[in-house]
Amino acid sequence: MWQQTFRVPNLSTSSNIIHRLSKIFQPKHVIPVNAQIKNKEITSKSQRLMLELGIIRQASPGSFHFLPLGLRALEKLIRLVDLEMSRIGAQKVMFPTLTNAKLWESTGRLDDIGPELFRLKDRHQHTYILSPTHEEAAAELLASISQISYKDLPLRLYQTTSKYRDEMKPRFGLMRGRQFMMKDLYTFDTDLETAQETYNEVCESYDNIFKKIGINFVKALGTCGAMGGSLSHEYHYRTDIGEDQLLRCLDCGYSANVQHSGNEKCGNCGNSNNLQINRGIEVGHTFLLGDKYSKPLKAFFLTQENKPNVLQMGSYGLGLSRIIAAAVEVLSSEHEIRWPRILAPYTVVIIPPKEGSKEEPHTLQIPEKLYSLLESAHPLEDNVVLDDRKHMTIGKRLLDARRVGYPYIIVIGTRAKEDPPIFELNDIEENKQLFLNESDLLIYL
Ligand code: ATP
Ligand code: MG
Ligand code: MG
Ligand code: MG
């Protein structure tokens with residue numbers, strides 16, 4: 001399943017820093033088995049594992065601290081998304097978190113989304129929304145610029161920021177939070193035809209993102225709901241804890257969210273025999289919006305004839321923090337986290353011998369030398385961590401490394417005393433243990 005050909009995104013520009021596990025803030029959270037049964041706040045495997053292993057920490061229901069390892073995974077996902085967005089000419093921006101409630105009033109969504117909106121008043125009694133999404137803000141930005149010309153279009157603006165929703169039941173950890181990370185893209189075109197072309201291009205780009213992550217996904221015809229517009233697709237990971245039901249027609253391969261399409265017959269071929277219903281968790285959603293926001297907010301451009309015309313919009317969300325948790329949910333066992341290789345906080349962990357062991361004096365220089373060698377291999381730059389907690393046995397550190405889910409674990413054991421040294425490589429995904437010298441190790445990784 002790992003997409004070996006894709007480069008793991010690196011996060012740092014300074015290459016001579018050694019990442020040491022003893023220095024990484026990773027407070028483990030011991031959750032006794034009994035408490036898990038009673039504890040209504042732990043509602044999914046990924047949430048439990050990520051809490052237990054110090055990847056995230058809960059602050060309040062539906063709101064989480066991303067600790068260093070969790071943030072590394074999230075930042076890798078953001079890099080991956082940034083790269084795909086730049087390929088379709090989308091520019092990164094940051095809209096303000098606060099949106100004036102008046103904008104939401106003029107599009108009708110103040111009532112439509114109602115109870116999910118976090119509202120607050122400033123000292124002058126003006127009402128603001130802690131934005132759950134930014135269609136209003138994006139349309140208003142364009143409306144405020146009088147000189148947008150057809151020559152400036154298509155325009156594609158996106159951000160990767162926190163979103164706020166007062167969810168009725170925040171649960172499953174990062175998967176249904178009240179504050180979560182979303183990547184949201186807003187597109188502006190001159191007419192519906194070009195907006196549809198943009199829509200197709202963005203969907204292709206989303207397909208690429210999900211292929212790079214490497215987990216099987218379902219792309220289903222979606223509901224437009226309170227968002228509005230004429231066409232929408234949802235991207236889902238299949239998991240039993242998913243809160244959406246997806247209909248799949250085994251005759252023609254068509255998929256749709258049951259909430260829209262019903263579960264009686266296929267919305268494409270009309271067949272009613274060969275249907276399957278699966279549970280899914282929505283990880284992305286695309287909308288062809290038309291003028292639902294640009295019209296009430298007066299977001300216009302100037303045509304070739306210098307006449308104002310309404311912009312045609314699209315809106316495209318990716319649940320970044322949900323993708324991280326849902327990936328962990330799909331791939332992990334009850335006791336060990338598995339990450340998509342491309343998102344693992346570190347790709348490789350090196351475990352040197354225990355302090356005072358008979359191997360230690362013969363291998364003192366090896367760990368850091370091996371570390372720099374791996375780091376210099378381009379795809380691994382900034383993706384290697386040294387488990388320097390040498391007071392722990394190799395066995396204990398190996399178990400810990402398996403639980404945290406590093407895709408490759410290198411043990412500097414007895415055979416590292418040989419000349420040239422031989423290393424034990426544990427390829428976790430392939431469930432293989434190999435004994436390799438330095439150069440074979442580099443070729444393998
Ligand atoms: P859901 O059906 O799960 O409530 P949604 O349809 O309300 O999601 P959208 O408005 O389409 O969500 O937002 C875009 C993306 O943001 C979703 O596809 C999902 O991946 C993510 N997302 C939505 N709500 C949450 C949440 N409460 N916590 C984490 N991610 C979320
Ligand atoms: Mg929702
Ligand atoms: Mg939905
Ligand atoms: Mg949605």
# chains A, B, ... in the order shown; residues from 1 in each chain; ligands from 1
>>> select_by_dssp(residues="region 100-163 of chain A", states="strand (DSSP E or B)", output="number ranges by chain")
A: 100, 118-121, 127-130, 149, 155-163
>>> write_last_selection(atoms="N, CA and C atoms", output="tab-separated table (two decimals), in the first residue's frame")
chain	number	residue	atom	x	y	z
A	100	ASN	N	-17.78	38.81	9.97
A	100	ASN	CA	-18.92	39.60	10.40
A	100	ASN	C	-20.22	38.82	10.15
A	118	PHE	N	-20.32	29.21	16.12
A	118	PHE	CA	-19.86	29.88	17.33
A	118	PHE	C	-19.99	31.37	17.07
A	119	ARG	N	-20.81	32.05	17.87
A	119	ARG	CA	-21.00	33.49	17.68
A	119	ARG	C	-20.40	34.23	18.87
A	120	LEU	N	-19.93	35.42	18.61
A	120	LEU	CA	-19.48	36.24	19.73
A	120	LEU	C	-19.70	37.70	19.40
A	121	LYS	N	-19.78	38.51	20.47
A	121	LYS	CA	-20.02	39.95	20.29
A	121	LYS	C	-18.77	40.71	20.71
A	127	THR	N	-21.92	41.44	16.12
A	127	THR	CA	-21.79	39.98	16.20
A	127	THR	C	-20.83	39.45	15.14
A	128	TYR	N	-19.95	38.56	15.58
A	128	TYR	CA	-19.00	37.89	14.68
A	128	TYR	C	-19.18	36.38	14.78
A	129	ILE	N	-18.72	35.71	13.73
A	129	ILE	CA	-18.74	34.25	13.70
A	129	ILE	C	-17.29	33.77	13.76
A	130	LEU	N	-17.04	32.73	14.56
A	130	LEU	CA	-15.74	32.04	14.48
A	130	LEU	C	-15.90	31.11	13.28
A	149	SER	N	-10.75	41.96	-13.36
A	149	SER	CA	-11.13	41.89	-14.77
A	149	SER	C	-11.18	40.42	-15.19
A	155	LEU	N	-9.27	32.61	-10.84
A	155	LEU	CA	-8.50	32.90	-9.63
A	155	LEU	C	-8.78	31.78	-8.62
A	156	ARG	N	-7.71	31.28	-8.00
A	156	ARG	CA	-7.85	30.16	-7.05
A	156	ARG	C	-7.10	30.50	-5.76
A	157	LEU	N	-7.82	30.64	-4.67
A	157	LEU	CA	-7.22	31.01	-3.38
A	157	LEU	C	-7.55	29.95	-2.34
A	158	TYR	N	-6.53	29.54	-1.58
A	158	TYR	CA	-6.80	28.55	-0.54
A	158	TYR	C	-6.04	28.87	0.72
A	159	GLN	N	-6.44	28.21	1.80
A	159	GLN	CA	-5.76	28.37	3.09
A	159	GLN	C	-5.76	27.04	3.84
A	160	THR	N	-4.88	26.91	4.81
A	160	THR	CA	-4.91	25.74	5.70
A	160	THR	C	-4.98	26.30	7.12
A	161	THR	N	-6.19	26.38	7.65
A	161	THR	CA	-6.38	27.06	8.94
A	161	THR	C	-7.38	26.31	9.82
A	162	SER	N	-7.50	26.78	11.07
A	162	SER	CA	-8.47	26.19	12.00
A	162	SER	C	-9.88	26.61	11.65
A	163	LYS	N	-10.79	25.69	11.80
A	163	LYS	CA	-12.21	25.98	11.61
A	163	LYS	C	-12.93	25.65	12.91
>>> residues_near_ligand(ligand="ligand 3", cutoff="8 Å", atoms="only C-alpha atoms and all ligand atoms", output="PyMOL selection string")
chain A and resi 222-223+234+244+282+285
>>> closest_atom_pairs(of="chain A", to="ligand 4", cutoff="10 Å", atoms="only C-alpha atoms and all ligand atoms", output="JSON lines")
{"residue": "A:Gly222", "atom": "CA", "partner": "ligand 4", "partner_atom_place_in_ligand_line": "1 (Mg)", "distance": 7.7}
{"residue": "A:Thr223", "atom": "CA", "partner": "ligand 4", "partner_atom_place_in_ligand_line": "1 (Mg)", "distance": 7.6}
{"residue": "A:Cys224", "atom": "CA", "partner": "ligand 4", "partner_atom_place_in_ligand_line": "1 (Mg)", "distance": 8.0}
{"residue": "A:Gly225", "atom": "CA", "partner": "ligand 4", "partner_atom_place_in_ligand_line": "1 (Mg)", "distance": 8.4}
{"residue": "A:Ala226", "atom": "CA", "partner": "ligand 4", "partner_atom_place_in_ligand_line": "1 (Mg)", "distance": 9.6}
{"residue": "A:Met227", "atom": "CA", "partner": "ligand 4", "partner_atom_place_in_ligand_line": "1 (Mg)", "distance": 8.5}
{"residue": "A:Ser232", "atom": "CA", "partner": "ligand 4", "partner_atom_place_in_ligand_line": "1 (Mg)", "distance": 8.9}
{"residue": "A:His233", "atom": "CA", "partner": "ligand 4", "partner_atom_place_in_ligand_line": "1 (Mg)", "distance": 8.6}
{"residue": "A:Glu234", "atom": "CA", "partner": "ligand 4", "partner_atom_place_in_ligand_line": "1 (Mg)", "distance": 6.7}
{"residue": "A:Tyr235", "atom": "CA", "partner": "ligand 4", "partner_atom_place_in_ligand_line": "1 (Mg)", "distance": 9.0}
{"residue": "A:Glu282", "atom": "CA", "partner": "ligand 4", "partner_atom_place_in_ligand_line": "1 (Mg)", "distance": 6.8}
{"residue": "A:Val283", "atom": "CA", "partner": "ligand 4", "partner_atom_place_in_ligand_line": "1 (Mg)", "distance": 8.3}
{"residue": "A:Gly284", "atom": "CA", "partner": "ligand 4", "partner_atom_place_in_ligand_line": "1 (Mg)", "distance": 7.0}
{"residue": "A:His285", "atom": "CA", "partner": "ligand 4", "partner_atom_place_in_ligand_line": "1 (Mg)", "distance": 5.1}
{"residue": "A:Thr286", "atom": "CA", "partner": "ligand 4", "partner_atom_place_in_ligand_line": "1 (Mg)", "distance": 7.9}
{"residue": "A:Phe287", "atom": "CA", "partner": "ligand 4", "partner_atom_place_in_ligand_line": "1 (Mg)", "distance": 9.0}
{"residue": "A:Tyr316", "atom": "CA", "partner": "ligand 4", "partner_atom_place_in_ligand_line": "1 (Mg)", "distance": 9.5}
{"residue": "A:Gly317", "atom": "CA", "partner": "ligand 4", "partner_atom_place_in_ligand_line": "1 (Mg)", "distance": 7.9}
{"residue": "A:Leu318", "atom": "CA", "partner": "ligand 4", "partner_atom_place_in_ligand_line": "1 (Mg)", "distance": 9.3}
{"residue": "A:Gly319", "atom": "CA", "partner": "ligand 4", "partner_atom_place_in_ligand_line": "1 (Mg)", "distance": 9.4}
>>> select_by_dssp(residues="region 115-222 of chain A", states="helix (DSSP H, G or I)", output="number ranges by chain")
A: 115-116, 135-143, 150-152, 173-175, 192-213
>>> write_last_selection(atoms="N, CA and C atoms", output="CSV table (one decimal), in the first residue's frame")
chain,number,residue,atom,x,y,z
A,115,PRO,N,-27.3,26.5,14.8
A,115,PRO,CA,-26.7,26.1,16.1
A,115,PRO,C,-25.2,25.6,16.0
A,116,GLU,N,-24.7,25.4,14.8
A,116,GLU,CA,-23.3,24.9,14.7
A,116,GLU,C,-22.3,26.1,14.7
A,135,GLU,N,-16.8,30.7,2.7
A,135,GLU,CA,-17.4,31.1,1.4
A,135,GLU,C,-17.7,32.6,1.4
A,136,GLU,N,-18.3,33.0,2.6
A,136,GLU,CA,-18.8,34.5,2.7
A,136,GLU,C,-17.5,35.4,2.6
A,137,ALA,N,-16.5,35.0,3.4
A,137,ALA,CA,-15.3,35.8,3.5
A,137,ALA,C,-14.6,35.9,2.2
A,138,ALA,N,-14.6,34.8,1.4
A,138,ALA,CA,-13.9,34.8,0.1
A,138,ALA,C,-14.7,35.6,-0.9
A,139,ALA,N,-16.0,35.5,-0.9
A,139,ALA,CA,-16.8,36.3,-1.8
A,139,ALA,C,-16.7,37.8,-1.5
A,140,GLU,N,-16.7,38.1,-0.2
A,140,GLU,CA,-16.6,39.5,0.2
A,140,GLU,C,-15.3,40.1,-0.2
A,141,LEU,N,-14.2,39.3,-0.1
A,141,LEU,CA,-12.9,39.8,-0.5
A,141,LEU,C,-12.9,40.2,-1.9
A,142,LEU,N,-13.5,39.4,-2.8
A,142,LEU,CA,-13.5,39.7,-4.2
A,142,LEU,C,-14.5,40.9,-4.5
A,143,ALA,N,-15.6,40.9,-3.7
A,143,ALA,CA,-16.5,42.0,-3.9
A,143,ALA,C,-15.9,43.4,-3.5
A,150,TYR,N,-11.8,40.2,-16.3
A,150,TYR,CA,-11.9,38.8,-16.8
A,150,TYR,C,-10.5,38.3,-17.1
A,151,LYS,N,-9.5,39.2,-17.3
A,151,LYS,CA,-8.1,38.8,-17.5
A,151,LYS,C,-7.5,38.2,-16.3
A,152,ASP,N,-8.0,38.6,-15.1
A,152,ASP,CA,-7.5,38.1,-13.8
A,152,ASP,C,-8.0,36.7,-13.5
A,173,GLY,N,-12.1,11.7,18.7
A,173,GLY,CA,-10.9,12.5,18.7
A,173,GLY,C,-10.9,13.6,17.6
A,174,LEU,N,-9.8,13.6,16.8
A,174,LEU,CA,-9.7,14.6,15.8
A,174,LEU,C,-10.7,14.5,14.7
A,175,MET,N,-11.4,13.4,14.7
A,175,MET,CA,-12.3,13.2,13.5
A,175,MET,C,-13.5,14.1,13.6
A,192,LEU,N,-20.2,29.5,-16.0
A,192,LEU,CA,-20.4,28.2,-15.4
A,192,LEU,C,-19.5,27.1,-16.1
A,193,GLU,N,-19.3,27.3,-17.4
A,193,GLU,CA,-18.5,26.3,-18.2
A,193,GLU,C,-17.1,26.3,-17.7
A,194,THR,N,-16.5,27.4,-17.5
A,194,THR,CA,-15.1,27.4,-17.0
A,194,THR,C,-15.0,27.0,-15.5
A,195,ALA,N,-16.1,27.4,-14.8
A,195,ALA,CA,-16.2,26.9,-13.4
A,195,ALA,C,-16.2,25.4,-13.3
A,196,GLN,N,-16.9,24.8,-14.3
A,196,GLN,CA,-17.0,23.3,-14.3
A,196,GLN,C,-15.6,22.7,-14.7
A,197,GLU,N,-14.9,23.4,-15.6
A,197,GLU,CA,-13.5,22.9,-15.9
A,197,GLU,C,-12.6,23.0,-14.7
A,198,THR,N,-12.8,24.1,-13.9
A,198,THR,CA,-12.0,24.3,-12.7
A,198,THR,C,-12.4,23.1,-11.7
A,199,TYR,N,-13.7,22.9,-11.7
A,199,TYR,CA,-14.2,21.8,-10.8
A,199,TYR,C,-13.5,20.5,-11.1
A,200,ASN,N,-13.4,20.2,-12.4
A,200,ASN,CA,-12.8,18.9,-12.8
A,200,ASN,C,-11.3,18.9,-12.5
A,201,GLU,N,-10.7,20.0,-12.7
A,201,GLU,CA,-9.2,20.1,-12.4
A,201,GLU,C,-8.9,19.9,-10.9
A,202,VAL,N,-9.8,20.5,-10.1
A,202,VAL,CA,-9.5,20.4,-8.6
A,202,VAL,C,-9.8,19.0,-8.2
A,203,CYS,N,-10.9,18.3,-8.7
A,203,CYS,CA,-11.2,16.9,-8.4
A,203,CYS,C,-10.0,16.1,-8.7
A,204,GLU,N,-9.4,16.3,-9.9
A,204,GLU,CA,-8.2,15.5,-10.3
A,204,GLU,C,-7.1,15.7,-9.3
A,205,SER,N,-6.9,17.0,-8.9
A,205,SER,CA,-5.9,17.3,-7.9
A,205,SER,C,-6.1,16.6,-6.6
A,206,TYR,N,-7.4,16.5,-6.2
A,206,TYR,CA,-7.8,15.8,-4.9
A,206,TYR,C,-7.5,14.3,-5.1
A,207,ASP,N,-7.8,13.8,-6.2
A,207,ASP,CA,-7.5,12.4,-6.5
A,207,ASP,C,-6.0,12.1,-6.3
A,208,ASN,N,-5.2,13.0,-6.8
A,208,ASN,CA,-3.7,12.9,-6.6
A,208,ASN,C,-3.3,12.9,-5.2
A,209,ILE,N,-3.9,13.8,-4.4
A,209,ILE,CA,-3.6,13.9,-3.0
A,209,ILE,C,-3.9,12.6,-2.3
A,210,PHE,N,-5.1,12.1,-2.5
A,210,PHE,CA,-5.5,10.9,-1.9
A,210,PHE,C,-4.7,9.7,-2.3
A,211,LYS,N,-4.3,9.7,-3.6
A,211,LYS,CA,-3.5,8.6,-4.1
A,211,LYS,C,-2.1,8.6,-3.4
A,212,LYS,N,-1.6,9.8,-3.2
A,212,LYS,CA,-0.3,9.9,-2.6
A,212,LYS,C,-0.3,9.4,-1.1
A,213,ILE,N,-1.5,9.7,-0.4
A,213,ILE,CA,-1.6,9.3,0.9
A,213,ILE,C,-1.7,7.7,0.9
>>> residues_around(residues="Leu434 (chain A)", least_positions_apart="3", cutoff="9 Å", atoms="only C-alpha atoms", output="PyMOL selection string")
chain A and resi 423-427
>>> write_last_selection(atoms="N, CA and C atoms", output="mmCIF file, in the first residue's frame")
data_model
loop_
_atom_site.group_PDB
_atom_site.id
_atom_site.type_symbol
_atom_site.label_atom_id
_atom_site.label_comp_id
_atom_site.auth_asym_id
_atom_site.auth_seq_id
_atom_site.Cartn_x
_atom_site.Cartn_y
_atom_site.Cartn_z
ATOM 1 N N PHE A 423 23.504 -3.912 10.040
ATOM 2 C CA PHE A 423 22.383 -3.363 10.823
ATOM 3 C C PHE A 423 21.130 -4.217 10.651
ATOM 4 N N GLU A 424 20.329 -4.225 11.718
ATOM 5 C CA GLU A 424 19.043 -4.942 11.628
ATOM 6 C C GLU A 424 17.969 -3.939 11.225
ATOM 7 N N LEU A 425 17.364 -4.180 10.066
ATOM 8 C CA LEU A 425 16.303 -3.276 9.603
ATOM 9 C C LEU A 425 14.961 -3.980 9.726
ATOM 10 N N ASN A 426 14.036 -3.329 10.449
ATOM 11 C CA ASN A 426 12.676 -3.849 10.539
ATOM 12 C C ASN A 426 11.793 -3.011 9.642
ATOM 13 N N ASP A 427 11.296 -3.640 8.564
ATOM 14 C CA ASP A 427 10.368 -2.966 7.665
ATOM 15 C C ASP A 427 8.971 -3.340 8.149
#
>>> residues_around(residues="Lys358 (chain A)", least_positions_apart="3", cutoff="12 Å", atoms="only C-alpha atoms", output="mmCIF file with C-alpha atoms, in the first residue's frame")
data_model
loop_
_atom_site.group_PDB
_atom_site.id
_atom_site.type_symbol
_atom_site.label_atom_id
_atom_site.label_comp_id
_atom_site.auth_asym_id
_atom_site.auth_seq_id
_atom_site.Cartn_x
_atom_site.Cartn_y
_atom_site.Cartn_z
ATOM 1 C CA PRO A 353 22.658 -0.432 22.076
ATOM 2 C CA LYS A 354 21.695 -0.078 25.724
ATOM 3 C CA GLU A 355 24.014 1.806 28.035
ATOM 4 C CA PRO A 361 31.781 0.295 23.588
ATOM 5 C CA HIS A 362 32.319 -1.144 20.063
ATOM 6 C CA THR A 363 29.586 0.916 18.420
ATOM 7 C CA LEU A 364 29.840 4.320 20.107
ATOM 8 C CA GLY A 413 22.786 -4.729 17.631
ATOM 9 C CA THR A 414 25.436 -7.451 17.943
ATOM 10 C CA ARG A 415 26.281 -7.521 14.251
ATOM 11 C CA ALA A 416 27.135 -3.823 14.241
ATOM 12 C CA LYS A 417 30.481 -4.938 15.726
#
>>> residues_near_ligand(ligand="ligand 2", cutoff="10 Å", atoms="only C-alpha atoms and all ligand atoms", output="NGL selection string")
:A and (113 or 116 or 132 or 165-168 or 176 or 282)
>>> atom_distance(atom1="CA of Lys40 (chain A)", atom2="atom 23 (C, counted along the ligand's line) of ligand 1")
21.2 Å
>>> atom_distance(atom1="CA of Thr393 (chain A)", atom2="CA of Val411 (chain A)")
11.3 Å
>>> residues_around(residues="region 254-269 of chain A", least_positions_apart="6", cutoff="6 Å", atoms="only C-alpha atoms", output="PyMOL selection string")
chain A and resi 220-223+245-248
>>> write_last_selection(atoms="N, CA and C atoms", output="short mmCIF file (atom, residue, chain, number, x, y, z; two decimals), in the first residue's frame")
data_model
loop_
_atom_site.label_atom_id
_atom_site.label_comp_id
_atom_site.auth_asym_id
_atom_site.auth_seq_id
_atom_site.Cartn_x
_atom_site.Cartn_y
_atom_site.Cartn_z
N ALA A 220 -17.73 9.88 -3.91
CA ALA A 220 -19.17 9.65 -4.06
C ALA A 220 -19.88 10.96 -4.39
N LEU A 221 -20.98 10.84 -5.14
CA LEU A 221 -21.80 12.01 -5.40
C LEU A 221 -22.32 12.49 -4.06
N GLY A 222 -22.18 13.77 -3.78
CA GLY A 222 -22.50 14.27 -2.44
C GLY A 222 -23.75 15.12 -2.40
N THR A 223 -24.05 15.55 -1.18
CA THR A 223 -25.20 16.43 -0.99
C THR A 223 -24.68 17.87 -0.97
N GLN A 245 -23.36 7.04 5.27
CA GLN A 245 -23.63 5.78 4.57
C GLN A 245 -23.46 6.00 3.09
N LEU A 246 -22.68 5.10 2.48
CA LEU A 246 -22.40 5.27 1.05
C LEU A 246 -23.00 4.12 0.27
N LEU A 247 -23.72 4.49 -0.77
CA LEU A 247 -24.30 3.47 -1.64
C LEU A 247 -23.33 3.20 -2.78
N ARG A 248 -23.11 1.92 -3.08
CA ARG A 248 -22.24 1.59 -4.20
C ARG A 248 -22.97 0.61 -5.08
#
>>> residues_around(residues="Ala327 (chain A)", least_positions_apart="2", cutoff="9 Å", atoms="only C-alpha atoms", output="ChimeraX atom specification")
/A:46,213,215,237,322-325,329-332,338-340
>>> write_last_selection(atoms="N, CA and C atoms", output="PDB file, in the first residue's frame")
ATOM      1  N   SER A  46      -8.296   5.281  17.068  1.00  0.00           N
ATOM      2  CA  SER A  46      -7.250   6.244  16.715  1.00  0.00           C
ATOM      3  C   SER A  46      -7.113   7.299  17.803  1.00  0.00           C
ATOM      4  N   ILE A 213      -1.452   9.740  -0.442  1.00  0.00           N
ATOM      5  CA  ILE A 213      -1.592   9.279   0.943  1.00  0.00           C
ATOM      6  C   ILE A 213      -1.661   7.749   0.944  1.00  0.00           C
ATOM      7  N   ILE A 215      -4.242   5.480   0.962  1.00  0.00           N
ATOM      8  CA  ILE A 215      -5.332   4.673   1.533  1.00  0.00           C
ATOM      9  C   ILE A 215      -6.474   4.657   0.520  1.00  0.00           C
ATOM     10  N   TYR A 237     -13.072   7.798   3.462  1.00  0.00           N
ATOM     11  CA  TYR A 237     -12.357   6.570   3.817  1.00  0.00           C
ATOM     12  C   TYR A 237     -13.408   5.631   4.390  1.00  0.00           C
ATOM     13  N   ARG A 322      -8.783  15.629  10.275  1.00  0.00           N
ATOM     14  CA  ARG A 322      -9.575  14.398  10.183  1.00  0.00           C
ATOM     15  C   ARG A 322      -8.844  13.349   9.339  1.00  0.00           C
ATOM     16  N   ILE A 323      -8.174  13.783   8.275  1.00  0.00           N
ATOM     17  CA  ILE A 323      -7.447  12.825   7.426  1.00  0.00           C
ATOM     18  C   ILE A 323      -6.386  12.091   8.249  1.00  0.00           C
ATOM     19  N   ILE A 324      -5.663  12.854   9.098  1.00  0.00           N
ATOM     20  CA  ILE A 324      -4.626  12.237   9.933  1.00  0.00           C
ATOM     21  C   ILE A 324      -5.249  11.147  10.815  1.00  0.00           C
ATOM     22  N   ALA A 325      -6.325  11.516  11.523  1.00  0.00           N
ATOM     23  CA  ALA A 325      -6.931  10.562  12.460  1.00  0.00           C
ATOM     24  C   ALA A 325      -7.596   9.398  11.723  1.00  0.00           C
ATOM     25  N   GLU A 329      -6.935   5.501  12.010  1.00  0.00           N
ATOM     26  CA  GLU A 329      -8.043   4.589  12.320  1.00  0.00           C
ATOM     27  C   GLU A 329      -8.067   3.408  11.354  1.00  0.00           C
ATOM     28  N   VAL A 330      -7.912   3.700  10.069  1.00  0.00           N
ATOM     29  CA  VAL A 330      -8.012   2.656   9.045  1.00  0.00           C
ATOM     30  C   VAL A 330      -6.815   1.694   9.121  1.00  0.00           C
ATOM     31  N   LEU A 331      -5.607   2.230   9.355  1.00  0.00           N
ATOM     32  CA  LEU A 331      -4.402   1.407   9.214  1.00  0.00           C
ATOM     33  C   LEU A 331      -3.957   0.696  10.501  1.00  0.00           C
ATOM     34  N   SER A 332      -4.338   1.240  11.667  1.00  0.00           N
ATOM     35  CA  SER A 332      -3.728   0.751  12.909  1.00  0.00           C
ATOM     36  C   SER A 332      -4.373  -0.527  13.433  1.00  0.00           C
ATOM     37  N   ARG A 338      -0.313   2.755  12.824  1.00  0.00           N
ATOM     38  CA  ARG A 338       0.298   2.717  11.488  1.00  0.00           C
ATOM     39  C   ARG A 338      -0.098   4.013  10.781  1.00  0.00           C
ATOM     40  N   TRP A 339       0.912   4.645  10.193  1.00  0.00           N
ATOM     41  CA  TRP A 339       0.676   5.886   9.434  1.00  0.00           C
ATOM     42  C   TRP A 339       0.823   5.575   7.960  1.00  0.00           C
ATOM     43  N   PRO A 340       0.180   6.360   7.106  1.00  0.00           N
ATOM     44  CA  PRO A 340       0.597   6.305   5.711  1.00  0.00           C
ATOM     45  C   PRO A 340       2.072   6.720   5.704  1.00  0.00           C
TER      46      PRO A 340
END
>>> residues_around(residues="region 18-27 of chain A", least_positions_apart="3", cutoff="7 Å", atoms="only C-alpha atoms", output="MDAnalysis selection string")
chainID A and resid 54:55 67:68 385:389
>>> write_last_selection(atoms="N, CA and C atoms", output="short mmCIF file (atom, residue, chain, number, x, y, z; two decimals), in the first residue's frame")
data_model
loop_
_atom_site.label_atom_id
_atom_site.label_comp_id
_atom_site.auth_asym_id
_atom_site.auth_seq_id
_atom_site.Cartn_x
_atom_site.Cartn_y
_atom_site.Cartn_z
N GLY A 54 1.09 10.01 23.07
CA GLY A 54 1.60 11.38 23.13
C GLY A 54 1.67 12.07 21.77
N ILE A 55 0.71 11.76 20.91
CA ILE A 55 0.65 12.40 19.59
C ILE A 55 -0.22 13.66 19.70
N LEU A 67 0.68 17.70 19.65
CA LEU A 67 2.03 17.64 20.23
C LEU A 67 3.03 17.45 19.08
N PRO A 68 4.35 17.53 19.38
CA PRO A 68 5.31 17.57 18.26
C PRO A 68 5.15 16.48 17.20
N VAL A 385 14.99 9.85 13.19
CA VAL A 385 15.07 10.22 14.60
C VAL A 385 15.92 9.16 15.31
N LEU A 386 16.69 9.63 16.30
CA LEU A 386 17.59 8.75 17.04
C LEU A 386 16.95 8.45 18.40
N ASP A 387 16.76 7.17 18.71
CA ASP A 387 16.20 6.82 20.02
C ASP A 387 17.35 6.69 21.01
N ASP A 388 17.74 7.84 21.56
CA ASP A 388 18.91 7.89 22.45
C ASP A 388 18.54 7.63 23.91
N ARG A 389 17.39 7.04 24.14
CA ARG A 389 17.01 6.72 25.53
C ARG A 389 17.72 5.42 25.92
#
>>> atom_distance(atom1="CA of Asp240 (chain A)", atom2="CA of Thr43 (chain A)")
12.3 Å
>>> closest_residue(among="A:Lys169, A:Lys369, A:His29, A:His126", to="ligand 1", atoms="only C-alpha atoms and all ligand atoms")
A:Lys169
